[in-house]
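Please read the structure below before turning to the comments.
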Amino acid sequence: MSNTAQVIVNIPARTIDKPFSYVIPAHLAHVDVGWRVLVPFGNRNIEAFVIGLEAENPEGLKSILDILDDYPWFDNNMLATAKWVSEYYLCSLAEAMRLFIPGHTGIKTEKYYQAPDSADLEQAAVVLASKPEEYRTVLSYIYENGPVNLTHLRKLTGNIDVILKFFLQRNLIVPVNTVTKRGRPSYKTIVNLAVSREVAAHAEQTLLKTKPAQRRLLAELLYHQQLDTTQIRRLNISQNAVKQLIATGLITPRSVPVIRNSYSKTVTNYQNIMLTSEQQAALSLIIPAIKDSHQKSFLIHGVTGSGKTQVYIEAVAAARQLGRQAIILVPEIALTSQIVSRFRAAFGDDIVVMHSKLSVGERHDAWRRLRAGEAGIVIGARSALFAPVSNLGIIIIDEEHEFTYKQEESPRYHAREVALIRAKLSGSIVILGSATPAIETYYEALTGKHTLITMQKRVDDAPMPPVTVVDMREELAKGRRSVISEALQEMLTQVLARKEQAVILLNRRGYSTFVLCRECGHVLKCRHCDIALVYHASANTLRCHYCQERHAVPDTCPECGSRYIRYFGTGTEKVEEALATLFPAARIVRMDQDTTGAKMAHDKILSAFAAGDYDILLGTQMVAKGHDIPNVTAVGIISADTALNLPDFRAAEKTFSLLTQAAGRAGRGVKAGRVIMQTYNPEHYAITAGADHNYQGFYQSEIQFRHQLNYPPYTKLIKITVQSGNEAGVHHSASQLAAQLNQLLTATGTLIIGPFPASINKIKDIFRVNIIIKTHDLSGARKCISALGIANRKDIIIDIDPVNVL
DNA sequence: AGTCACCATCGC
DNA sequence: CGATGGTGACTG
């Protein structure tokens with residue numbers, strides 16, 4: 001009989017990355033691997049996850065205090081997935097297991113203060129005599145109001161921490177720790193008959209003649225079986241009548257959990273849509289694989305408008321018919337409401353939607369619906385990958401090339417990689433979909449890791465919009481200095497005349513991107529970050545886009561005092577102004593981080609634009625994603641090379657994918673579309689291939705470049721960042737670390753690059769220095785890092801498979 | 001993470 | 001001298 005449990009305490013500190021043993025008390029004998037429990041740890045109570053059982057019972061162990069659910073939270077494949085994440089990404093098992101808990105922790109602990117059992121009032125009076133008045137206030141407040149929490153006490157005085165410590169030391173107050181479970185279901189009371197229908201019917205006829213309200217309730221219950229409190233109130237039956245009828249023993253109350261559902265029901269209208277031959281071909285490969293129950297992955301490379309979503313829906317339907325569950329990942333739920341509504345139209349209440357705006361309680365409800373089998377499909381951002389689905393059949397990752405699938409805090413996992421592992425452990429299939437697959441993914445498809453499915457035709461057979469590349473150097477040579485080229489102006493004039501709509505993309509917000517003194521060449525920089533300040537005309541301030549600090553606009557140069565300060569570079573605000581000057585009658589709406597701060601602002605702008613309230617939608621990359629508006633016939637890209645010159649080996653890939661996405665917004669309806677790309681690098685392959693809608697061409701150039709410089713997919717990368725407020729210290733410990741790595745990592749083909757300062761050397765007063773390890777032997781490099789013990793150093797970040805190396 | 005013990009330092 | 005503050009070890 002096993003009476004000891006090994007648990008992982010839910011504390012994300014690397015220094016406690018090991019199991020702890022606890023006695024399983026007799027009344028919790030059913031506790032097993034995967035259960036969430038409450039354990040005493042140090043002198044507090046902590047949530048923990050059971051990962052093993054043992055029969056032995058060494059002396060001196062503490063006992064598990066309680067269980068947190070009445071079912072195991074983790075099943076075997078969730079546990080194995082967490083284990084894989086912790087080993088691959090070099091994080092603790094607790095950090096990986098937390099991914100499966102909405103809000104990272106399942107309990108909330110709060111400290112209360114109260115009078116001790118035997119409060120020594122005399123001593124209190126003596127002690128208080130020499131102390132300021134606020135001490136007296138705090139103590140009498142605690143004594144009079146019983147257990148009070150810190151937030152309450154803070155309102156009394158500013159100096160609360162010192163005062164509490166003073167009283168605690170003299171034993172005039174004692175702390176009480178409370179544990180509340182987060183995401184508890186809310187309950188409602190329902191009543192049903194407690195006796196047979198015959199007895200109830202008889203009672204209704206005879207007994208209750210003089211009690212009309214109780215009689216009506218009984219009659220309703222004979223008809224409806226059960227009623228909840230709101231339904232009863234609606235029938236104009238009082239609480240008191242219900243209570244009295246319960247007292248007779250004819251009916252009984254029962255408490256049942258309420259599922260909070262922030263989505264109203266949508267009608268299921270799953271239509272049989274005629275599939276294109278490409279869609280049918282894709283499904284003829286995918287559906288048999290779902291039935292096979294072996295891990296298999298597909299890459300659907302489909303141009304925008306080729307109908308990938310319909311393939312996803314059919315594949316999910318096939319999985320559901322087999323009783324298996326589905327996880328659908330989208331890059332960002334706010335930008336992908338269209339795919340969500342398509343799925344909801346097809347599957348109705350079988351869907352649970354996860355997004356960042358859900359409260360922790362709502363997330364738990366969503367999880368409960370999945371566990372209870374009330375829903376079989378979860379759709380959401382990367383965290384939805386950790387949904388508690390026990391019979392997984394399919395994982396879909398839409399727009400798989402998006403960098404939002406990489407978590408930029410520990411554990412720094414990539415949803416694509418974790419999905420492949422979870423699928424392998426559960427015998428599911430994975431579908432990766434994109435118009436511009438990540439270079440690594442496409443390479444893996446060509447080399448057989450994924451089955452490649454290509455969809456080249458748009459559903460309505462519409463052609464891809466023709467793209468004109470405008471060389472801005474020639475514009476300047478012609479003497480035209482505007483940010484809007486002649487060709488773009490002409491296209492917009494035509495679009496406006498035809499009452500059609502245009503989308504303008506510029507991936508930079510603000511008015512001017514830097515401010516320079518023409519006398520001494522000084523560029524205004526943020527005090528806390530090594531970055532130029534951006535001028536925002538709307539608020540007439542200079543802003544740092546990294547620490548959000550606002551600075552007043554100076555009249556004179558802070559360096560030399562000259563009044564010759566000028567604004568350079570172009571952001572969305574300046575383009576908005578230029579457009580308004582060129583087209584005074586046009587209705588223009590700007591969409592960027594500054595105009596979408598409010599909740600749902602993003603959706604509002606897009607739907608107003610879709611409804612025809614505006615002629616031109618202008619904004620940052622968010623205008624390039626996830627919408628499909630038939631009247632948009634023109635797309636203008638102000639500066640196609642914004643990202644191209646960044647010192648990142650993925651700069652070309654980022655550029656190509658953004659251009660392709662933006663271009664894909666034009667001509668989605670019956671009207672033909674046009675695209676104009678303005679650039680200073682018209683001959684760069686990312687631009688030429690983007691203009692030709694030529695993924696293959698781009699891939700060939702890019703893979704060659706990766707091969708020559710030995711970048712992924714030909715090697716694996718690890719990025720090690722050393723950070724600290726002390727500039728000299730960072731450089732010192734980084735070079736020390738690099739020297740150690742050079743000594744240990746001697747495998748051929750392993751290269752240590754750096755240390756070199758991060759491209760933004762300082763952010764929020766923290767200096768960062770990077771070391772990149774390029775290797776064919778990832779697990780060897782990982783072992784070496786573990787051996788050095790740097791994985792749990794606070795000033796070091798280790799990023800396996802980083803998505804940016806800046 | 002959060003707690004506590006330990007030691008160095010500070011102010012009267 | 002005790003009060004304060006920073007560091008490091010430890011949690012079963």
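Residue numbering restarts at 1 in every chain; chains get A, B, ... in the order shown in the structure tokens, and ligands count up from 1 in that same order.
Any residue of chain B with an atom no more than 12 Å from chain A counts as a contact; using only C-alpha atoms (C1' of nucleotides), that gives B:DA1, B:DG2, B:DT3, B:DC4.
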Find the residues of chain A that sit at most 10 Å from chain C; for each, write down the nearest two atoms and how far apart they are in Å, to one decimal. Count only C-alpha atoms (C1' of nucleotides). Sort by chain, then by number going up, and give it as JSON lines.
```
{"residue": "A:Gln6", "atom": "CA", "partner": "C:DG12", "partner_atom": "C1'", "distance": 9.1}
{"residue": "A:Val7", "atom": "CA", "partner": "C:DG12", "partner_atom": "C1'", "distance": 9.4}
{"residue": "A:Thr15", "atom": "CA", "partner": "C:DC10", "partner_atom": "C1'", "distance": 9.7}
{"residue": "A:Ile16", "atom": "CA", "partner": "C:DT11", "partner_atom": "C1'", "distance": 8.4}
{"residue": "A:Pro19", "atom": "CA", "partner": "C:DG12", "partner_atom": "C1'", "distance": 8.7}
{"residue": "A:Phe20", "atom": "CA", "partner": "C:DG12", "partner_atom": "C1'", "distance": 5.0}
{"residue": "A:Ser21", "atom": "CA", "partner": "C:DG12", "partner_atom": "C1'", "distance": 5.0}
{"residue": "A:Tyr22", "atom": "CA", "partner": "C:DG12", "partner_atom": "C1'", "distance": 6.2}
{"residue": "A:Val23", "atom": "CA", "partner": "C:DG12", "partner_atom": "C1'", "distance": 9.3}
{"residue": "A:Val39", "atom": "CA", "partner": "C:DG12", "partner_atom": "C1'", "distance": 9.8}
{"residue": "A:Pro40", "atom": "CA", "partner": "C:DG12", "partner_atom": "C1'", "distance": 9.1}
{"residue": "A:Phe41", "atom": "CA", "partner": "C:DT11", "partner_atom": "C1'", "distance": 5.7}
{"residue": "A:Gly42", "atom": "CA", "partner": "C:DT11", "partner_atom": "C1'", "distance": 4.7}
{"residue": "A:Asn43", "atom": "CA", "partner": "C:DT11", "partner_atom": "C1'", "distance": 8.3}
{"residue": "A:Arg44", "atom": "CA", "partner": "C:DT11", "partner_atom": "C1'", "distance": 9.6}
{"residue": "A:Gly60", "atom": "CA", "partner": "C:DG12", "partner_atom": "C1'", "distance": 8.2}
{"residue": "A:Leu61", "atom": "CA", "partner": "C:DG12", "partner_atom": "C1'", "distance": 5.7}
{"residue": "A:Lys62", "atom": "CA", "partner": "C:DG12", "partner_atom": "C1'", "distance": 6.5}
{"residue": "A:Ser63", "atom": "CA", "partner": "C:DG12", "partner_atom": "C1'", "distance": 9.1}
```
Going by DSSP on the backbone, which residues of range 248-434 of chain A come out as strand (DSSP E)? List them as a short mmCIF file (atom, residue, chain, number, x, y, z; two decimals) with all heavy atoms, in the first residue's frame.
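Listing of selection.cif after writing:
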```cif
data_model
loop_
_atom_site.label_atom_id
_atom_site.label_comp_id
_atom_site.auth_asym_id
_atom_site.auth_seq_id
_atom_site.Cartn_x
_atom_site.Cartn_y
_atom_site.Cartn_z
N ILE A 251 -40.15 18.31 -1.75
CA ILE A 251 -39.09 18.65 -2.71
C ILE A 251 -37.77 18.80 -1.95
O ILE A 251 -37.77 19.00 -0.74
CB ILE A 251 -39.40 19.96 -3.48
CG1 ILE A 251 -39.44 21.16 -2.51
CG2 ILE A 251 -40.69 19.84 -4.25
CD1 ILE A 251 -39.48 22.50 -3.22
N THR A 252 -36.65 18.67 -2.69
CA THR A 252 -35.35 18.88 -2.07
C THR A 252 -34.54 19.88 -2.87
O THR A 252 -34.63 19.92 -4.10
CB THR A 252 -34.51 17.59 -2.01
OG1 THR A 252 -34.54 16.98 -3.30
CG2 THR A 252 -35.03 16.64 -0.97
N PRO A 253 -33.73 20.69 -2.18
CA PRO A 253 -32.84 21.59 -2.88
C PRO A 253 -31.51 20.89 -3.17
O PRO A 253 -31.13 19.94 -2.49
CB PRO A 253 -32.63 22.71 -1.87
CG PRO A 253 -32.74 22.02 -0.55
CD PRO A 253 -33.64 20.81 -0.72
N ARG A 254 -30.85 21.37 -4.19
CA ARG A 254 -29.56 20.81 -4.55
C ARG A 254 -28.70 21.94 -5.10
O ARG A 254 -29.22 22.85 -5.76
CB ARG A 254 -29.74 19.75 -5.64
CG ARG A 254 -28.66 18.69 -5.73
CD ARG A 254 -29.25 17.38 -6.30
NE ARG A 254 -30.01 17.60 -7.52
CZ ARG A 254 -29.48 17.50 -8.74
NH1 ARG A 254 -28.20 17.23 -8.89
NH2 ARG A 254 -30.22 17.68 -9.81
N SER A 255 -27.42 21.90 -4.81
CA SER A 255 -26.51 22.93 -5.29
C SER A 255 -25.77 22.41 -6.52
O SER A 255 -25.17 21.34 -6.46
CB SER A 255 -25.53 23.25 -4.16
OG SER A 255 -25.10 24.55 -4.30
N VAL A 256 -25.83 23.12 -7.61
CA VAL A 256 -25.10 22.67 -8.81
C VAL A 256 -24.20 23.79 -9.33
O VAL A 256 -24.54 24.96 -9.21
CB VAL A 256 -26.05 22.22 -9.95
CG1 VAL A 256 -26.85 21.00 -9.54
CG2 VAL A 256 -26.96 23.35 -10.37
N PRO A 257 -23.07 23.43 -9.90
CA PRO A 257 -22.18 24.48 -10.41
C PRO A 257 -22.76 25.19 -11.63
O PRO A 257 -23.44 24.56 -12.45
CB PRO A 257 -20.91 23.72 -10.79
CG PRO A 257 -21.28 22.28 -10.84
CD PRO A 257 -22.53 22.09 -10.04
N VAL A 258 -22.50 26.48 -11.72
CA VAL A 258 -22.92 27.26 -12.88
C VAL A 258 -21.71 27.45 -13.77
O VAL A 258 -20.63 27.77 -13.29
CB VAL A 258 -23.38 28.68 -12.46
CG1 VAL A 258 -24.04 29.39 -13.62
CG2 VAL A 258 -24.27 28.60 -11.26
N LYS A 296 1.05 12.10 -36.73
CA LYS A 296 1.43 12.42 -38.09
C LYS A 296 1.20 13.91 -38.23
O LYS A 296 0.28 14.46 -37.64
CB LYS A 296 0.53 11.66 -39.06
CG LYS A 296 1.04 11.65 -40.49
CD LYS A 296 0.28 10.61 -41.30
CE LYS A 296 0.44 10.81 -42.79
NZ LYS A 296 1.74 10.49 -43.33
N SER A 297 2.11 14.58 -38.95
CA SER A 297 1.93 16.02 -39.07
C SER A 297 1.88 16.44 -40.52
O SER A 297 2.50 15.81 -41.39
CB SER A 297 3.07 16.75 -38.34
OG SER A 297 4.31 16.25 -38.77
N PHE A 298 1.11 17.49 -40.77
CA PHE A 298 0.93 18.01 -42.12
C PHE A 298 1.27 19.48 -42.13
O PHE A 298 0.99 20.20 -41.16
CB PHE A 298 -0.53 17.86 -42.55
CG PHE A 298 -1.01 16.44 -42.57
CD1 PHE A 298 -1.53 15.85 -41.43
CD2 PHE A 298 -0.92 15.69 -43.73
CE1 PHE A 298 -1.96 14.54 -41.43
CE2 PHE A 298 -1.34 14.36 -43.75
CZ PHE A 298 -1.87 13.79 -42.60
N LEU A 299 1.85 19.91 -43.23
CA LEU A 299 2.00 21.35 -43.45
C LEU A 299 1.12 21.71 -44.63
O LEU A 299 1.33 21.20 -45.74
CB LEU A 299 3.46 21.72 -43.75
CG LEU A 299 3.67 23.16 -44.25
CD1 LEU A 299 3.25 24.18 -43.20
CD2 LEU A 299 5.12 23.41 -44.65
N ILE A 300 0.11 22.54 -44.38
CA ILE A 300 -0.70 23.03 -45.50
C ILE A 300 -0.13 24.38 -45.90
O ILE A 300 -0.23 25.35 -45.16
CB ILE A 300 -2.18 23.19 -45.13
CG1 ILE A 300 -2.76 21.86 -44.64
CG2 ILE A 300 -2.97 23.71 -46.33
CD1 ILE A 300 -4.24 21.91 -44.35
N HIS A 301 0.49 24.40 -47.06
CA HIS A 301 0.96 25.67 -47.61
C HIS A 301 -0.11 26.14 -48.57
O HIS A 301 -0.23 25.63 -49.68
CB HIS A 301 2.31 25.45 -48.32
CG HIS A 301 2.77 26.69 -49.04
ND1 HIS A 301 3.46 26.65 -50.23
CD2 HIS A 301 2.64 27.99 -48.72
CE1 HIS A 301 3.73 27.89 -50.62
NE2 HIS A 301 3.25 28.71 -49.71
N GLY A 302 -0.93 27.08 -48.12
CA GLY A 302 -2.03 27.53 -48.96
C GLY A 302 -2.03 29.03 -49.09
O GLY A 302 -1.91 29.75 -48.09
N GLN A 325 -11.01 14.78 -29.43
CA GLN A 325 -11.07 16.22 -29.20
C GLN A 325 -10.05 16.98 -30.03
O GLN A 325 -9.11 16.39 -30.57
CB GLN A 325 -10.86 16.50 -27.70
CG GLN A 325 -12.04 16.02 -26.87
CD GLN A 325 -11.65 15.77 -25.44
OE1 GLN A 325 -10.75 14.99 -25.15
NE2 GLN A 325 -12.31 16.46 -24.53
N ALA A 326 -10.26 18.28 -30.13
CA ALA A 326 -9.43 19.10 -31.01
C ALA A 326 -8.92 20.35 -30.31
O ALA A 326 -9.63 20.93 -29.50
CB ALA A 326 -10.24 19.51 -32.25
N ILE A 327 -7.68 20.71 -30.61
CA ILE A 327 -7.12 21.98 -30.15
C ILE A 327 -6.78 22.80 -31.39
O ILE A 327 -6.08 22.30 -32.28
CB ILE A 327 -5.85 21.78 -29.30
CG1 ILE A 327 -6.18 20.99 -28.03
CG2 ILE A 327 -5.20 23.12 -28.95
CD1 ILE A 327 -4.95 20.65 -27.18
N ILE A 328 -7.28 24.02 -31.45
CA ILE A 328 -6.97 24.89 -32.58
C ILE A 328 -6.26 26.12 -32.05
O ILE A 328 -6.79 26.84 -31.21
CB ILE A 328 -8.24 25.31 -33.34
CG1 ILE A 328 -8.89 24.07 -33.93
CG2 ILE A 328 -7.93 26.30 -34.44
CD1 ILE A 328 -10.29 23.89 -33.55
N LEU A 329 -5.04 26.34 -32.52
CA LEU A 329 -4.28 27.50 -32.07
C LEU A 329 -4.29 28.58 -33.15
O LEU A 329 -4.12 28.30 -34.32
CB LEU A 329 -2.83 27.12 -31.76
CG LEU A 329 -2.61 26.05 -30.70
CD1 LEU A 329 -1.12 25.93 -30.41
CD2 LEU A 329 -3.37 26.36 -29.43
N ILE A 351 -17.66 24.19 -28.74
CA ILE A 351 -16.40 24.96 -28.72
C ILE A 351 -16.21 25.73 -27.43
O ILE A 351 -17.14 26.26 -26.85
CB ILE A 351 -16.40 25.98 -29.88
CG1 ILE A 351 -16.33 25.25 -31.19
CG2 ILE A 351 -15.23 26.94 -29.75
CD1 ILE A 351 -16.13 26.15 -32.34
N VAL A 352 -14.97 25.77 -27.00
CA VAL A 352 -14.57 26.62 -25.89
C VAL A 352 -13.53 27.58 -26.46
O VAL A 352 -12.61 27.15 -27.15
CB VAL A 352 -13.97 25.72 -24.79
CG1 VAL A 352 -12.92 26.45 -24.03
CG2 VAL A 352 -15.06 25.19 -23.88
N VAL A 353 -13.72 28.88 -26.24
CA VAL A 353 -12.77 29.86 -26.77
C VAL A 353 -11.93 30.42 -25.63
O VAL A 353 -12.46 30.84 -24.61
CB VAL A 353 -13.50 31.03 -27.49
CG1 VAL A 353 -12.49 32.03 -28.03
CG2 VAL A 353 -14.36 30.50 -28.61
N MET A 354 -10.62 30.37 -25.81
CA MET A 354 -9.72 30.88 -24.77
C MET A 354 -9.08 32.16 -25.29
O MET A 354 -8.53 32.16 -26.37
CB MET A 354 -8.59 29.89 -24.53
CG MET A 354 -9.03 28.60 -23.92
SD MET A 354 -9.66 28.87 -22.29
CE MET A 354 -8.20 29.52 -21.50
N ILE A 377 -13.90 20.95 -28.41
CA ILE A 377 -12.99 21.73 -29.25
C ILE A 377 -12.55 22.95 -28.47
O ILE A 377 -13.38 23.66 -27.91
CB ILE A 377 -13.71 22.20 -30.54
CG1 ILE A 377 -14.24 21.00 -31.33
CG2 ILE A 377 -12.78 23.04 -31.40
CD1 ILE A 377 -15.20 21.37 -32.44
N VAL A 378 -11.25 23.18 -28.41
CA VAL A 378 -10.79 24.41 -27.77
C VAL A 378 -10.03 25.21 -28.81
O VAL A 378 -9.25 24.67 -29.60
CB VAL A 378 -9.94 24.13 -26.50
CG1 VAL A 378 -8.81 23.19 -26.80
CG2 VAL A 378 -9.40 25.43 -25.91
N ILE A 379 -10.33 26.50 -28.86
CA ILE A 379 -9.68 27.37 -29.83
C ILE A 379 -9.13 28.57 -29.07
O ILE A 379 -9.81 29.14 -28.24
CB ILE A 379 -10.67 27.75 -30.96
CG1 ILE A 379 -10.13 28.79 -31.92
CG2 ILE A 379 -12.00 28.21 -30.44
CD1 ILE A 379 -10.94 28.83 -33.22
N GLY A 380 -7.87 28.87 -29.30
CA GLY A 380 -7.28 29.96 -28.54
C GLY A 380 -5.83 30.20 -28.90
O GLY A 380 -5.30 29.58 -29.82
N LEU A 392 -7.38 13.46 -27.15
CA LEU A 392 -6.97 14.37 -28.22
C LEU A 392 -6.86 13.62 -29.55
O LEU A 392 -6.34 12.51 -29.59
CB LEU A 392 -5.63 14.99 -27.84
CG LEU A 392 -5.09 16.11 -28.70
CD1 LEU A 392 -6.05 17.28 -28.72
CD2 LEU A 392 -3.73 16.56 -28.17
N GLY A 393 -7.36 14.24 -30.61
CA GLY A 393 -7.24 13.62 -31.94
C GLY A 393 -6.52 14.50 -32.93
O GLY A 393 -5.90 14.01 -33.88
N ILE A 394 -6.60 15.82 -32.73
CA ILE A 394 -6.03 16.72 -33.73
C ILE A 394 -5.64 18.06 -33.11
O ILE A 394 -6.34 18.58 -32.24
CB ILE A 394 -7.05 16.94 -34.90
CG1 ILE A 394 -6.50 17.89 -35.96
CG2 ILE A 394 -8.39 17.48 -34.37
CD1 ILE A 394 -7.35 17.91 -37.24
N ILE A 395 -4.47 18.56 -33.51
CA ILE A 395 -4.06 19.92 -33.13
C ILE A 395 -3.84 20.69 -34.43
O ILE A 395 -3.16 20.20 -35.33
CB ILE A 395 -2.76 19.93 -32.32
CG1 ILE A 395 -2.89 19.05 -31.08
CG2 ILE A 395 -2.37 21.35 -31.91
CD1 ILE A 395 -1.59 18.94 -30.27
N ILE A 396 -4.43 21.87 -34.51
CA ILE A 396 -4.25 22.70 -35.70
C ILE A 396 -3.52 23.97 -35.28
O ILE A 396 -3.88 24.59 -34.27
CB ILE A 396 -5.61 23.06 -36.32
CG1 ILE A 396 -6.25 21.78 -36.90
CG2 ILE A 396 -5.46 24.12 -37.41
CD1 ILE A 396 -7.68 21.95 -37.31
N ILE A 397 -2.49 24.33 -36.01
CA ILE A 397 -1.82 25.61 -35.75
C ILE A 397 -1.96 26.47 -37.00
O ILE A 397 -1.34 26.20 -38.03
CB ILE A 397 -0.34 25.42 -35.38
CG1 ILE A 397 -0.25 24.45 -34.18
CG2 ILE A 397 0.31 26.75 -35.04
CD1 ILE A 397 1.12 24.33 -33.60
N ASP A 398 -2.82 27.47 -36.89
CA ASP A 398 -3.05 28.35 -38.03
C ASP A 398 -1.97 29.42 -38.06
O ASP A 398 -1.55 29.89 -37.00
CB ASP A 398 -4.44 28.97 -37.92
CG ASP A 398 -4.81 29.73 -39.18
OD1 ASP A 398 -4.39 29.30 -40.27
OD2 ASP A 398 -5.51 30.75 -39.08
N ILE A 429 -2.93 13.88 -34.72
CA ILE A 429 -2.28 14.51 -35.87
C ILE A 429 -2.14 16.01 -35.61
O ILE A 429 -2.85 16.58 -34.81
CB ILE A 429 -3.04 14.25 -37.18
CG1 ILE A 429 -4.37 15.01 -37.19
CG2 ILE A 429 -3.27 12.78 -37.43
CD1 ILE A 429 -4.80 15.35 -38.61
N VAL A 430 -1.19 16.60 -36.32
CA VAL A 430 -0.99 18.04 -36.24
C VAL A 430 -1.11 18.61 -37.64
O VAL A 430 -0.53 18.06 -38.58
CB VAL A 430 0.41 18.38 -35.67
CG1 VAL A 430 0.65 19.89 -35.66
CG2 VAL A 430 0.58 17.83 -34.27
N ILE A 431 -1.88 19.69 -37.76
CA ILE A 431 -1.92 20.39 -39.04
C ILE A 431 -1.33 21.77 -38.84
O ILE A 431 -1.79 22.54 -37.99
CB ILE A 431 -3.37 20.55 -39.57
CG1 ILE A 431 -4.01 19.17 -39.79
CG2 ILE A 431 -3.37 21.35 -40.87
CD1 ILE A 431 -5.44 19.25 -40.28
N LEU A 432 -0.26 22.07 -39.58
CA LEU A 432 0.33 23.40 -39.57
C LEU A 432 -0.13 24.10 -40.84
O LEU A 432 -0.02 23.52 -41.92
CB LEU A 432 1.86 23.30 -39.55
CG LEU A 432 2.47 22.41 -38.46
CD1 LEU A 432 3.94 22.18 -38.72
CD2 LEU A 432 2.24 23.02 -37.10
N GLY A 433 -0.66 25.28 -40.71
CA GLY A 433 -1.16 25.96 -41.90
C GLY A 433 -0.56 27.35 -42.05
O GLY A 433 -0.38 28.05 -41.06
N SER A 434 -0.21 27.73 -43.28
CA SER A 434 0.31 29.06 -43.51
C SER A 434 0.40 29.36 -45.01
O SER A 434 0.53 28.46 -45.82
CB SER A 434 1.71 29.19 -42.90
OG SER A 434 2.28 30.44 -43.23
#
```
**Request:** From a DSSP pass on the backbone, collect the residues of range 464-693 of chain A flagged as alpha helix (DSSP H) and hand them back as a ChimeraX atom specification.
**Result:** /A:472-477,486-497,572-582,601-610,651-663,685-691
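You will find CA of Lys604 in chain A at 21.2 Å from CA of Lys499 in chain A.
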